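Coordinates as given in protein.tsv (TSV, N, CA, C and O atoms):
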chain	number	residue	atom	x	y	z
P	1	SER	N	-33.35	-43.13	-12.59
P	1	SER	CA	-34.62	-43.14	-13.29
P	1	SER	C	-34.39	-42.94	-14.78
P	1	SER	O	-33.30	-42.55	-15.21
P	2	ALA	N	-35.41	-43.17	-15.56
P	2	ALA	CA	-35.32	-42.98	-17.01
P	2	ALA	C	-35.02	-41.52	-17.33
P	2	ALA	O	-34.24	-41.22	-18.24
P	3	GLU	N	-35.62	-40.60	-16.57
P	3	GLU	CA	-35.37	-39.17	-16.81
P	3	GLU	C	-33.91	-38.82	-16.50
P	3	GLU	O	-33.30	-38.02	-17.19
P	4	GLY	N	-33.35	-39.46	-15.46
P	4	GLY	CA	-31.95	-39.22	-15.11
P	4	GLY	C	-31.00	-39.68	-16.19
P	4	GLY	O	-30.03	-38.99	-16.53
P	5	PHE	N	-31.28	-40.85	-16.78
P	5	PHE	CA	-30.44	-41.34	-17.87
P	5	PHE	C	-30.56	-40.44	-19.09
P	5	PHE	O	-29.57	-40.14	-19.76
P	6	GLU	N	-31.76	-39.98	-19.36
P	6	GLU	CA	-31.97	-39.08	-20.50
P	6	GLU	C	-31.20	-37.78	-20.30
P	6	GLU	O	-30.53	-37.30	-21.21
P	7	LYS	N	-31.25	-37.25	-19.08
P	7	LYS	CA	-30.51	-36.02	-18.78
P	7	LYS	C	-29.00	-36.25	-18.90
P	7	LYS	O	-28.28	-35.43	-19.44
P	8	TYR	N	-28.53	-37.40	-18.39
P	8	TYR	CA	-27.11	-37.73	-18.47
P	8	TYR	C	-26.63	-37.78	-19.91
P	8	TYR	O	-25.62	-37.17	-20.27
P	9	PHE	N	-27.35	-38.51	-20.77
P	9	PHE	CA	-26.92	-38.65	-22.16
P	9	PHE	C	-27.00	-37.32	-22.91
P	9	PHE	O	-26.16	-37.03	-23.76
P	10	SER	N	-27.98	-36.49	-22.58
P	10	SER	CA	-28.09	-35.18	-23.21
P	10	SER	C	-26.91	-34.30	-22.81
P	10	SER	O	-26.28	-33.66	-23.66
P	11	GLU	N	-26.61	-34.27	-21.51
P	11	GLU	CA	-25.48	-33.45	-21.04
P	11	GLU	C	-24.15	-34.00	-21.57
P	11	GLU	O	-23.26	-33.24	-21.94
P	12	ARG	N	-24.03	-35.31	-21.62
P	12	ARG	CA	-22.82	-35.94	-22.16
P	12	ARG	C	-22.60	-35.51	-23.61
P	12	ARG	O	-21.48	-35.16	-24.00
P	13	GLU	N	-23.65	-35.56	-24.41
P	13	GLU	CA	-23.53	-35.16	-25.81
P	13	GLU	C	-23.13	-33.70	-25.94
P	13	GLU	O	-22.26	-33.36	-26.74
P	14	GLN	N	-23.72	-32.82	-25.13
P	14	GLN	CA	-23.38	-31.40	-25.16
P	14	GLN	C	-21.91	-31.19	-24.80
P	14	GLN	O	-21.21	-30.43	-25.45
P	15	ARG	N	-21.45	-31.86	-23.77
P	15	ARG	CA	-20.06	-31.69	-23.35
P	15	ARG	C	-19.08	-32.24	-24.37
P	15	ARG	O	-18.02	-31.66	-24.61
P	16	LEU	N	-19.39	-33.38	-24.97
P	16	LEU	CA	-18.51	-33.94	-26.00
P	16	LEU	C	-18.45	-33.03	-27.22
P	16	LEU	O	-17.40	-32.86	-27.83
P	17	ASN	N	-19.57	-32.44	-27.58
P	17	ASN	CA	-19.59	-31.51	-28.72
P	17	ASN	C	-18.79	-30.25	-28.43
P	17	ASN	O	-18.23	-29.64	-29.34
P	18	ALA	N	-18.74	-29.83	-27.18
P	18	ALA	CA	-18.00	-28.62	-26.80
P	18	ALA	C	-16.51	-28.89	-26.60
P	18	ALA	O	-15.71	-27.95	-26.55
P	19	LEU	N	-16.12	-30.14	-26.52
P	19	LEU	CA	-14.73	-30.50	-26.27
P	19	LEU	C	-13.89	-30.23	-27.50
P	19	LEU	O	-14.18	-30.70	-28.59
P	20	ASP	N	-12.84	-29.42	-27.34
P	20	ASP	CA	-11.97	-29.13	-28.48
P	20	ASP	C	-10.61	-29.81	-28.37
P	20	ASP	O	-9.87	-29.92	-29.32
P	21	LYS	N	-10.26	-30.28	-27.16
P	21	LYS	CA	-9.02	-31.02	-26.99
P	21	LYS	C	-9.10	-31.82	-25.70
P	21	LYS	O	-9.91	-31.54	-24.82
P	22	GLY	N	-8.25	-32.78	-25.60
P	22	GLY	CA	-8.20	-33.62	-24.41
P	22	GLY	C	-7.59	-34.96	-24.77
P	22	GLY	O	-7.54	-35.34	-25.94
P	23	CYS	N	-7.11	-35.66	-23.76
P	23	CYS	CA	-6.53	-36.98	-24.03
P	23	CYS	C	-6.62	-37.84	-22.78
P	23	CYS	O	-6.80	-37.35	-21.67
P	24	ILE	N	-6.50	-39.13	-22.99
P	24	ILE	CA	-6.41	-40.11	-21.92
P	24	ILE	C	-5.20	-40.98	-22.21
P	24	ILE	O	-5.04	-41.49	-23.32
P	25	ARG	N	-4.33	-41.11	-21.22
P	25	ARG	CA	-3.15	-41.97	-21.37
P	25	ARG	C	-3.39	-43.24	-20.53
P	25	ARG	O	-3.71	-43.16	-19.34
P	26	ILE	N	-3.25	-44.37	-21.17
P	26	ILE	CA	-3.43	-45.65	-20.50
P	26	ILE	C	-2.11	-46.40	-20.55
P	26	ILE	O	-1.55	-46.61	-21.63
P	27	THR	N	-1.61	-46.80	-19.38
P	27	THR	CA	-0.36	-47.54	-19.30
P	27	THR	C	-0.63	-48.88	-18.61
P	27	THR	O	-1.24	-48.90	-17.54
P	28	LEU	N	-0.20	-49.95	-19.24
P	28	LEU	CA	-0.34	-51.29	-18.67
P	28	LEU	C	1.05	-51.87	-18.45
P	28	LEU	O	1.89	-51.82	-19.34
P	29	GLN	N	1.29	-52.43	-17.27
P	29	GLN	CA	2.53	-53.12	-16.97
P	29	GLN	C	2.17	-54.48	-16.42
P	29	GLN	O	1.41	-54.58	-15.45
P	30	MET	N	2.72	-55.52	-17.03
P	30	MET	CA	2.44	-56.88	-16.58
P	30	MET	C	3.69	-57.51	-16.00
P	30	MET	O	4.79	-57.31	-16.52
P	31	GLN	N	3.50	-58.23	-14.93
P	31	GLN	CA	4.58	-58.97	-14.29
P	31	GLN	C	4.09	-60.39	-14.07
P	31	GLN	O	2.98	-60.59	-13.56
P	32	PHE	N	4.90	-61.35	-14.44
P	32	PHE	CA	4.54	-62.75	-14.26
P	32	PHE	C	5.42	-63.35	-13.18
P	32	PHE	O	6.61	-63.05	-13.08
P	33	HIS	N	4.82	-64.21	-12.37
P	33	HIS	CA	5.51	-64.90	-11.29
P	33	HIS	C	5.29	-66.40	-11.47
P	33	HIS	O	4.44	-66.81	-12.25
P	34	LYS	N	6.00	-67.19	-10.72
P	34	LYS	CA	5.83	-68.64	-10.80
P	34	LYS	C	4.41	-69.06	-10.44
P	34	LYS	O	3.89	-70.03	-10.96
P	35	THR	N	3.79	-68.31	-9.55
P	35	THR	CA	2.46	-68.70	-9.07
P	35	THR	C	1.34	-67.83	-9.64
P	35	THR	O	0.19	-67.97	-9.23
P	36	GLY	N	1.66	-66.94	-10.56
P	36	GLY	CA	0.62	-66.06	-11.12
P	36	GLY	C	1.22	-64.80	-11.70
P	36	GLY	O	2.23	-64.85	-12.40
P	37	GLY	N	0.63	-63.68	-11.39
P	37	GLY	CA	1.15	-62.42	-11.90
P	37	GLY	C	0.29	-61.25	-11.49
P	37	GLY	O	-0.64	-61.39	-10.68
P	38	GLN	N	0.62	-60.10	-12.05
P	38	GLN	CA	-0.18	-58.91	-11.79
P	38	GLN	C	-0.09	-57.97	-12.97
P	38	GLN	O	0.87	-58.00	-13.74
P	39	VAL	N	-1.12	-57.16	-13.11
P	39	VAL	CA	-1.13	-56.11	-14.11
P	39	VAL	C	-1.41	-54.80	-13.39
P	39	VAL	O	-2.31	-54.72	-12.56
P	40	ASN	N	-0.56	-53.81	-13.66
P	40	ASN	CA	-0.76	-52.46	-13.15
P	40	ASN	C	-1.41	-51.65	-14.26
P	40	ASN	O	-0.86	-51.56	-15.36
P	41	ILE	N	-2.56	-51.09	-13.97
P	41	ILE	CA	-3.32	-50.29	-14.94
P	41	ILE	C	-3.31	-48.86	-14.46
P	41	ILE	O	-3.80	-48.55	-13.38
P	42	ASN	N	-2.71	-47.97	-15.26
P	42	ASN	CA	-2.62	-46.56	-14.90
P	42	ASN	C	-3.38	-45.74	-15.93
P	42	ASN	O	-3.11	-45.86	-17.13
P	43	LEU	N	-4.32	-44.94	-15.47
P	43	LEU	CA	-5.12	-44.07	-16.34
P	43	LEU	C	-4.90	-42.63	-15.92
P	43	LEU	O	-4.99	-42.31	-14.73
P	44	LYS	N	-4.62	-41.78	-16.88
P	44	LYS	CA	-4.47	-40.35	-16.60
P	44	LYS	C	-5.13	-39.57	-17.74
P	44	LYS	O	-4.89	-39.86	-18.91
P	45	ASP	N	-5.97	-38.61	-17.36
P	45	ASP	CA	-6.59	-37.79	-18.40
P	45	ASP	C	-6.12	-36.35	-18.27
P	45	ASP	O	-5.51	-35.96	-17.28
P	46	SER	N	-6.40	-35.57	-19.29
P	46	SER	CA	-5.93	-34.19	-19.34
P	46	SER	C	-6.87	-33.23	-18.61
P	46	SER	O	-6.63	-32.03	-18.61
P	47	GLY	N	-7.89	-33.75	-17.98
P	47	GLY	CA	-8.85	-32.91	-17.27
P	47	GLY	C	-8.32	-32.38	-15.95
P	47	GLY	O	-7.19	-32.67	-15.54
P	48	HIS	N	-9.16	-31.61	-15.28
P	48	HIS	CA	-8.78	-30.98	-14.01
P	48	HIS	C	-8.85	-31.95	-12.83
P	48	HIS	O	-8.38	-31.63	-11.75
P	49	GLY	N	-9.46	-33.11	-13.04
P	49	GLY	CA	-9.57	-34.09	-11.97
P	49	GLY	C	-10.81	-33.84	-11.12
P	49	GLY	O	-11.67	-33.03	-11.46
P	50	PHE	N	-10.89	-34.55	-10.00
P	50	PHE	CA	-12.00	-34.39	-9.07
P	50	PHE	C	-11.48	-34.62	-7.66
P	50	PHE	O	-10.37	-35.11	-7.46
P	51	ASN	N	-12.26	-34.27	-6.68
P	51	ASN	CA	-11.84	-34.39	-5.29
P	51	ASN	C	-12.02	-35.84	-4.85
P	51	ASN	O	-13.03	-36.20	-4.25
P	52	HIS	N	-11.05	-36.67	-5.15
P	52	HIS	CA	-11.13	-38.10	-4.85
P	52	HIS	C	-11.09	-38.38	-3.36
P	52	HIS	O	-11.54	-39.42	-2.91
P	53	LYS	N	-10.59	-37.45	-2.56
P	53	LYS	CA	-10.52	-37.66	-1.10
P	53	LYS	C	-11.90	-37.65	-0.46
P	53	LYS	O	-12.09	-38.25	0.58
P	54	ASN	N	-12.84	-36.96	-1.08
P	54	ASN	CA	-14.21	-36.91	-0.55
P	54	ASN	C	-15.11	-37.96	-1.19
P	54	ASN	O	-16.30	-37.99	-0.92
P	55	TYR	N	-14.56	-38.80	-2.05
P	55	TYR	CA	-15.35	-39.82	-2.73
P	55	TYR	C	-15.15	-41.14	-2.00
P	55	TYR	O	-14.15	-41.81	-2.16
P	56	GLY	N	-16.09	-41.47	-1.14
P	56	GLY	CA	-15.94	-42.67	-0.32
P	56	GLY	C	-16.74	-43.84	-0.82
P	56	GLY	O	-17.61	-43.71	-1.68
P	57	ASP	N	-16.46	-45.00	-0.26
P	57	ASP	CA	-17.20	-46.22	-0.62
P	57	ASP	C	-18.67	-46.12	-0.23
P	57	ASP	O	-19.49	-46.83	-0.78
P	58	ASN	N	-19.00	-45.26	0.74
P	58	ASN	CA	-20.39	-45.17	1.17
P	58	ASN	C	-21.29	-44.56	0.10
P	58	ASN	O	-22.51	-44.62	0.21
P	59	GLN	N	-20.72	-44.00	-0.96
P	59	GLN	CA	-21.52	-43.44	-2.04
P	59	GLN	C	-21.94	-44.52	-3.03
P	59	GLN	O	-22.75	-44.27	-3.90
P	60	ASN	N	-21.41	-45.69	-2.91
P	60	ASN	CA	-21.73	-46.77	-3.83
P	60	ASN	C	-22.81	-47.65	-3.22
P	60	ASN	O	-22.60	-48.26	-2.19
P	61	ASN	N	-23.93	-47.71	-3.88
P	61	ASN	CA	-25.07	-48.49	-3.40
P	61	ASN	C	-25.42	-49.49	-4.48
P	61	ASN	O	-25.67	-49.11	-5.62
P	62	GLU	N	-25.45	-50.77	-4.13
P	62	GLU	CA	-25.69	-51.80	-5.15
P	62	GLU	C	-27.06	-51.68	-5.79
P	62	GLU	O	-27.29	-52.20	-6.87
P	63	ASN	N	-27.99	-50.99	-5.15
P	63	ASN	CA	-29.32	-50.80	-5.73
P	63	ASN	C	-29.42	-49.53	-6.55
P	63	ASN	O	-30.45	-49.26	-7.15
P	64	SER	N	-28.36	-48.75	-6.58
P	64	SER	CA	-28.34	-47.50	-7.34
P	64	SER	C	-28.19	-47.77	-8.83
P	64	SER	O	-27.66	-48.79	-9.24
P	65	LEU	N	-28.66	-46.83	-9.64
P	65	LEU	CA	-28.52	-46.96	-11.09
P	65	LEU	C	-27.15	-46.52	-11.58
P	65	LEU	O	-26.83	-46.71	-12.74
P	66	SER	N	-26.35	-45.94	-10.70
P	66	SER	CA	-25.01	-45.49	-11.10
P	66	SER	C	-24.08	-45.57	-9.90
P	66	SER	O	-24.51	-45.78	-8.78
P	67	GLY	N	-22.78	-45.39	-10.18
P	67	GLY	CA	-21.80	-45.31	-9.10
P	67	GLY	C	-21.27	-46.63	-8.59
P	67	GLY	O	-20.60	-46.66	-7.58
P	68	ARG	N	-21.56	-47.73	-9.27
P	68	ARG	CA	-21.11	-49.03	-8.78
P	68	ARG	C	-19.77	-49.44	-9.37
P	68	ARG	O	-19.14	-50.38	-8.88
P	69	GLY	N	-19.30	-48.78	-10.41
P	69	GLY	CA	-18.09	-49.19	-11.10
P	69	GLY	C	-16.84	-49.13	-10.26
P	69	GLY	O	-16.03	-50.07	-10.26
P	70	ILE	N	-16.65	-48.06	-9.52
P	70	ILE	CA	-15.45	-47.92	-8.69
P	70	ILE	C	-15.44	-48.97	-7.60
P	70	ILE	O	-14.41	-49.59	-7.31
P	71	ALA	N	-16.59	-49.24	-6.98
P	71	ALA	CA	-16.67	-50.28	-5.95
P	71	ALA	C	-16.32	-51.64	-6.53
P	71	ALA	O	-15.61	-52.43	-5.89
P	72	LEU	N	-16.75	-51.93	-7.73
P	72	LEU	CA	-16.44	-53.20	-8.38
P	72	LEU	C	-14.94	-53.32	-8.65
P	72	LEU	O	-14.33	-54.36	-8.38
P	73	VAL	N	-14.33	-52.25	-9.16
P	73	VAL	CA	-12.89	-52.26	-9.41
P	73	VAL	C	-12.13	-52.50	-8.11
P	73	VAL	O	-11.17	-53.27	-8.06
P	74	LYS	N	-12.57	-51.85	-7.01
P	74	LYS	CA	-11.91	-52.03	-5.72
P	74	LYS	C	-12.04	-53.46	-5.21
P	74	LYS	O	-11.14	-53.97	-4.54
P	75	GLN	N	-13.16	-54.12	-5.51
P	75	GLN	CA	-13.33	-55.51	-5.10
P	75	GLN	C	-12.42	-56.45	-5.89
P	75	GLN	O	-11.90	-57.42	-5.35
P	76	LEU	N	-12.22	-56.17	-7.16
P	76	LEU	CA	-11.43	-57.04	-8.02
P	76	LEU	C	-9.93	-56.84	-7.85
P	76	LEU	O	-9.16	-57.77	-8.05
P	77	CYS	N	-9.52	-55.64	-7.53
P	77	CYS	CA	-8.09	-55.30	-7.50
P	77	CYS	C	-7.53	-55.35	-6.08
P	77	CYS	O	-8.24	-55.14	-5.11
P	78	SER	N	-6.22	-55.59	-6.01
P	78	SER	CA	-5.57	-55.59	-4.70
P	78	SER	C	-5.35	-54.17	-4.20
P	78	SER	O	-5.25	-53.95	-2.99
P	79	SER	N	-5.30	-53.19	-5.11
P	79	SER	CA	-5.22	-51.79	-4.69
P	79	SER	C	-5.72	-50.88	-5.80
P	79	SER	O	-5.61	-51.20	-6.98
P	80	VAL	N	-6.29	-49.76	-5.38
P	80	VAL	CA	-6.71	-48.68	-6.28
P	80	VAL	C	-6.24	-47.39	-5.64
P	80	VAL	O	-6.62	-47.09	-4.50
P	81	THR	N	-5.38	-46.64	-6.35
P	81	THR	CA	-4.78	-45.43	-5.79
P	81	THR	C	-5.04	-44.25	-6.71
P	81	THR	O	-4.73	-44.31	-7.90
P	82	TYR	N	-5.62	-43.18	-6.13
P	82	TYR	CA	-5.82	-41.94	-6.87
P	82	TYR	C	-4.67	-40.99	-6.58
P	82	TYR	O	-4.14	-40.98	-5.47
P	83	PHE	N	-4.32	-40.19	-7.57
P	83	PHE	CA	-3.25	-39.21	-7.41
P	83	PHE	C	-3.83	-37.82	-7.64
P	83	PHE	O	-4.70	-37.63	-8.50
P	84	ASP	N	-3.34	-36.86	-6.85
P	84	ASP	CA	-3.79	-35.47	-7.02
P	84	ASP	C	-3.39	-34.95	-8.38
P	84	ASP	O	-2.34	-35.33	-8.91
P	85	PRO	N	-4.21	-34.17	-9.02
P	85	PRO	CA	-5.44	-33.55	-8.53
P	85	PRO	C	-6.70	-34.36	-8.82
P	85	PRO	O	-7.79	-33.81	-8.86
P	86	GLY	N	-6.60	-35.66	-8.99
P	86	GLY	CA	-7.76	-36.50	-9.21
P	86	GLY	C	-7.99	-36.86	-10.67
P	86	GLY	O	-9.06	-37.33	-11.03
P	87	ASN	N	-6.98	-36.67	-11.50
P	87	ASN	CA	-7.10	-37.03	-12.92
P	87	ASN	C	-6.24	-38.25	-13.27
P	87	ASN	O	-6.03	-38.56	-14.43
P	88	GLN	N	-5.75	-38.94	-12.23
P	88	GLN	CA	-4.92	-40.12	-12.46
P	88	GLN	C	-5.24	-41.18	-11.40
P	88	GLN	O	-5.42	-40.86	-10.22
P	89	VAL	N	-5.32	-42.43	-11.85
P	89	VAL	CA	-5.60	-43.54	-10.94
P	89	VAL	C	-4.80	-44.75	-11.39
P	89	VAL	O	-4.55	-44.94	-12.57
P	90	GLU	N	-4.35	-45.53	-10.41
P	90	GLU	CA	-3.66	-46.78	-10.70
P	90	GLU	C	-4.40	-47.91	-9.98
P	90	GLU	O	-4.69	-47.82	-8.79
P	91	ALA	N	-4.70	-48.95	-10.73
P	91	ALA	CA	-5.33	-50.15	-10.17
P	91	ALA	C	-4.38	-51.32	-10.40
P	91	ALA	O	-3.82	-51.47	-11.48
P	92	ILE	N	-4.22	-52.15	-9.38
P	92	ILE	CA	-3.35	-53.32	-9.48
P	92	ILE	C	-4.21	-54.57	-9.30
P	92	ILE	O	-4.86	-54.74	-8.27
P	93	TYR	N	-4.20	-55.39	-10.35
P	93	TYR	CA	-4.95	-56.65	-10.33
P	93	TYR	C	-3.95	-57.79	-10.27
P	93	TYR	O	-3.02	-57.86	-11.07
P	94	GLN	N	-4.11	-58.68	-9.29
P	94	GLN	CA	-3.21	-59.83	-9.13
P	94	GLN	C	-3.99	-61.12	-9.31
P	94	GLN	O	-5.18	-61.18	-8.99
P	95	TRP	N	-3.31	-62.13	-9.82
P	95	TRP	CA	-3.94	-63.44	-9.98
P	95	TRP	C	-2.96	-64.54	-9.66
P	95	TRP	O	-1.75	-64.36	-9.71
P	96	ASP	N	-3.52	-65.67	-9.30
P	96	ASP	CA	-2.75	-66.89	-9.07
P	96	ASP	C	-3.01	-67.83	-10.24
P	96	ASP	O	-4.10	-67.84	-10.81
P	97	SER	N	-2.03	-68.66	-10.56
P	97	SER	CA	-2.19	-69.63	-11.64
P	97	SER	C	-3.37	-70.56	-11.36
P	97	SER	O	-4.02	-71.03	-12.29
P	98	GLN	N	-3.66	-70.82	-10.12
P	98	GLN	CA	-4.78	-71.68	-9.75
P	98	GLN	C	-6.12	-71.06	-10.12
P	98	GLN	O	-7.11	-71.76	-10.26
P	99	ASP	N	-6.17	-69.72	-10.25
P	99	ASP	CA	-7.41	-69.03	-10.61
P	99	ASP	C	-7.80	-69.23	-12.06
P	99	ASP	O	-8.93	-68.99	-12.44
P	100	LEU	N	-6.83	-69.64	-12.90
P	100	LEU	CA	-7.10	-69.74	-14.33
P	100	LEU	C	-7.81	-71.00	-14.70
P	100	LEU	O	-7.90	-71.98	-14.19
Can you give me the file's structure in the form of structure tokens?
Amino acid sequence: SAEGFEKYFSEREQRLNALDKGCIRITLQMQFHKTGGQVNINLKDSGHGFNHKNYGDNQNNENSLSGRGIALVKQLCSSVTYFDPGNQVEAIYQWDSQDL
């Protein structure tokens, strides 16, 4: 709802203002093959993470105003792997030359 978005942006601003340190490391590795290739995308942040084991696909509803991003990444990628404690994820996207 509009009120939910307003609350989200307000809380986001408060948390960003309170943040005194933190980082995100992004690593990309590309491999090319005769028939296409793949890119491994690894994201790791300095936060405490989240309980990714309890975060299932059933929480993603296409009619929802939020929560669709992870489901979309899982549809596009051949694999999405979370690492404990939930502050690191690797997504592997593969393509064929015919797709281009």
Item to check | Given all atoms listed in the file as the counted atoms, nearest of P:Ile92, P:Gly37, P:Lys44, P:Glu3 to Cys23 of chain P | outcome: P:Lys44
Checklist entry - Using all atoms listed in the file, which residue out of P:Gln94, P:Ser46, P:Gln31, P:Gln14 lies closest to Cys77 of chain P? => result P:Gln94
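Of the residues listed (P:Arg25, P:His33, P:Lys7, P:Arg68), P:Arg25 shows the shortest atom-to-atom separation from Gln88 of chain P; distances use all atoms listed in the file.
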Next on the checklist: Calculated over only C-alpha atoms, which of the candidates P:Thr35, P:Asn54, P:Gln29, P:Asn40 has the smallest distance to Trp95 of chain P?
Outcome noted: P:Thr35
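Atom C of Gly49 of chain P sits 7.5 Å away from atom O of Asn87 of chain P.
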Next on the checklist: Going by DSSP on the backbone, which residues of segment 6-98 of chain P come out as strand (DSSP E or B)? List them as JSON, numbers by chain.
Outcome noted: {"P": [24, 25, 26, 27, 28, 29, 30, 31, 32, 33, 36, 37, 38, 39, 40, 41, 42, 43, 44, 45, 79, 80, 81, 82, 83, 88, 89, 90, 91, 92, 93, 94, 95, 96]}
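Put simply, atom O of Leu16 of chain P is 16.4 Å away from atom CA of His48 of chain P.
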Checklist entry - What is the distance between atom O of Val39 of chain P and atom O of Ser79 of chain P, in Å to one decimal? => result 7.4 Å
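Using only C-alpha atoms, the nearest neighbour of Asn51 of chain P within the list P:Gly86, P:Ala18, P:Ile24, P:Phe32 is P:Gly86.
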Next on the checklist: Taking the DSSP secondary structure from the backbone, can you list the residues of segment 25-99 of chain P that are alpha helix (DSSP H), as a ChimeraX atom specification?
Outcome noted: /P:69-76
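Among the candidate residues P:Gly4, P:Ser10, P:Leu28, P:Ser97, the one lying nearest to Ile41 of chain P is P:Leu28, with distances computed using all atoms listed in the file.
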As an mmCIF file, in the coordinates of the input, could you write out segment 68-75 of chain P once it has been completed with all heavy atoms?
data_model
loop_
_atom_site.group_PDB
_atom_site.id
_atom_site.type_symbol
_atom_site.label_atom_id
_atom_site.label_comp_id
_atom_site.auth_asym_id
_atom_site.auth_seq_id
_atom_site.Cartn_x
_atom_site.Cartn_y
_atom_site.Cartn_z
ATOM 1 N N ARG P 68 -21.560 -47.730 -9.270
ATOM 2 C CA ARG P 68 -21.110 -49.030 -8.780
ATOM 3 C C ARG P 68 -19.770 -49.440 -9.370
ATOM 4 O O ARG P 68 -19.140 -50.380 -8.880
ATOM 5 C CB ARG P 68 -22.161 -50.090 -9.099
ATOM 6 C CG ARG P 68 -23.498 -49.823 -8.447
ATOM 7 C CD ARG P 68 -24.511 -50.903 -8.770
ATOM 8 N NE ARG P 68 -24.657 -51.133 -10.185
ATOM 9 C CZ ARG P 68 -25.617 -50.636 -10.953
ATOM 10 N NH1 ARG P 68 -26.525 -49.865 -10.430
ATOM 11 N NH2 ARG P 68 -25.686 -50.914 -12.231
ATOM 12 N N GLY P 69 -19.300 -48.780 -10.410
ATOM 13 C CA GLY P 69 -18.090 -49.190 -11.100
ATOM 14 C C GLY P 69 -16.840 -49.130 -10.260
ATOM 15 O O GLY P 69 -16.030 -50.070 -10.260
ATOM 16 N N ILE P 70 -16.650 -48.060 -9.520
ATOM 17 C CA ILE P 70 -15.450 -47.920 -8.690
ATOM 18 C C ILE P 70 -15.440 -48.970 -7.600
ATOM 19 O O ILE P 70 -14.410 -49.590 -7.310
ATOM 20 C CB ILE P 70 -15.338 -46.492 -8.114
ATOM 21 C CG1 ILE P 70 -15.077 -45.511 -9.267
ATOM 22 C CG2 ILE P 70 -14.239 -46.407 -7.062
ATOM 23 C CD1 ILE P 70 -15.100 -44.059 -8.865
ATOM 24 N N ALA P 71 -16.590 -49.240 -6.980
ATOM 25 C CA ALA P 71 -16.670 -50.280 -5.950
ATOM 26 C C ALA P 71 -16.320 -51.640 -6.530
ATOM 27 O O ALA P 71 -15.610 -52.430 -5.890
ATOM 28 C CB ALA P 71 -18.055 -50.307 -5.321
ATOM 29 N N LEU P 72 -16.750 -51.930 -7.730
ATOM 30 C CA LEU P 72 -16.440 -53.200 -8.380
ATOM 31 C C LEU P 72 -14.940 -53.320 -8.650
ATOM 32 O O LEU P 72 -14.330 -54.360 -8.380
ATOM 33 C CB LEU P 72 -17.224 -53.347 -9.686
ATOM 34 C CG LEU P 72 -16.948 -54.604 -10.505
ATOM 35 C CD1 LEU P 72 -17.291 -55.855 -9.710
ATOM 36 C CD2 LEU P 72 -17.731 -54.568 -11.806
ATOM 37 N N VAL P 73 -14.330 -52.250 -9.160
ATOM 38 C CA VAL P 73 -12.890 -52.260 -9.410
ATOM 39 C C VAL P 73 -12.130 -52.500 -8.110
ATOM 40 O O VAL P 73 -11.170 -53.270 -8.060
ATOM 41 C CB VAL P 73 -12.438 -50.956 -10.097
ATOM 42 C CG1 VAL P 73 -10.923 -50.829 -10.130
ATOM 43 C CG2 VAL P 73 -13.002 -50.872 -11.505
ATOM 44 N N LYS P 74 -12.570 -51.850 -7.010
ATOM 45 C CA LYS P 74 -11.910 -52.030 -5.720
ATOM 46 C C LYS P 74 -12.040 -53.460 -5.210
ATOM 47 O O LYS P 74 -11.140 -53.970 -4.540
ATOM 48 C CB LYS P 74 -12.458 -51.039 -4.700
ATOM 49 C CG LYS P 74 -11.974 -49.626 -4.934
ATOM 50 C CD LYS P 74 -12.501 -48.685 -3.870
ATOM 51 C CE LYS P 74 -11.926 -47.294 -4.057
ATOM 52 N NZ LYS P 74 -12.406 -46.369 -3.008
ATOM 53 N N GLN P 75 -13.160 -54.120 -5.510
ATOM 54 C CA GLN P 75 -13.330 -55.510 -5.100
ATOM 55 C C GLN P 75 -12.420 -56.450 -5.890
ATOM 56 O O GLN P 75 -11.900 -57.420 -5.350
ATOM 57 C CB GLN P 75 -14.778 -55.953 -5.274
ATOM 58 C CG GLN P 75 -15.711 -55.401 -4.233
ATOM 59 C CD GLN P 75 -17.139 -55.872 -4.448
ATOM 60 O OE1 GLN P 75 -17.491 -56.385 -5.502
ATOM 61 N NE2 GLN P 75 -17.974 -55.689 -3.441
#
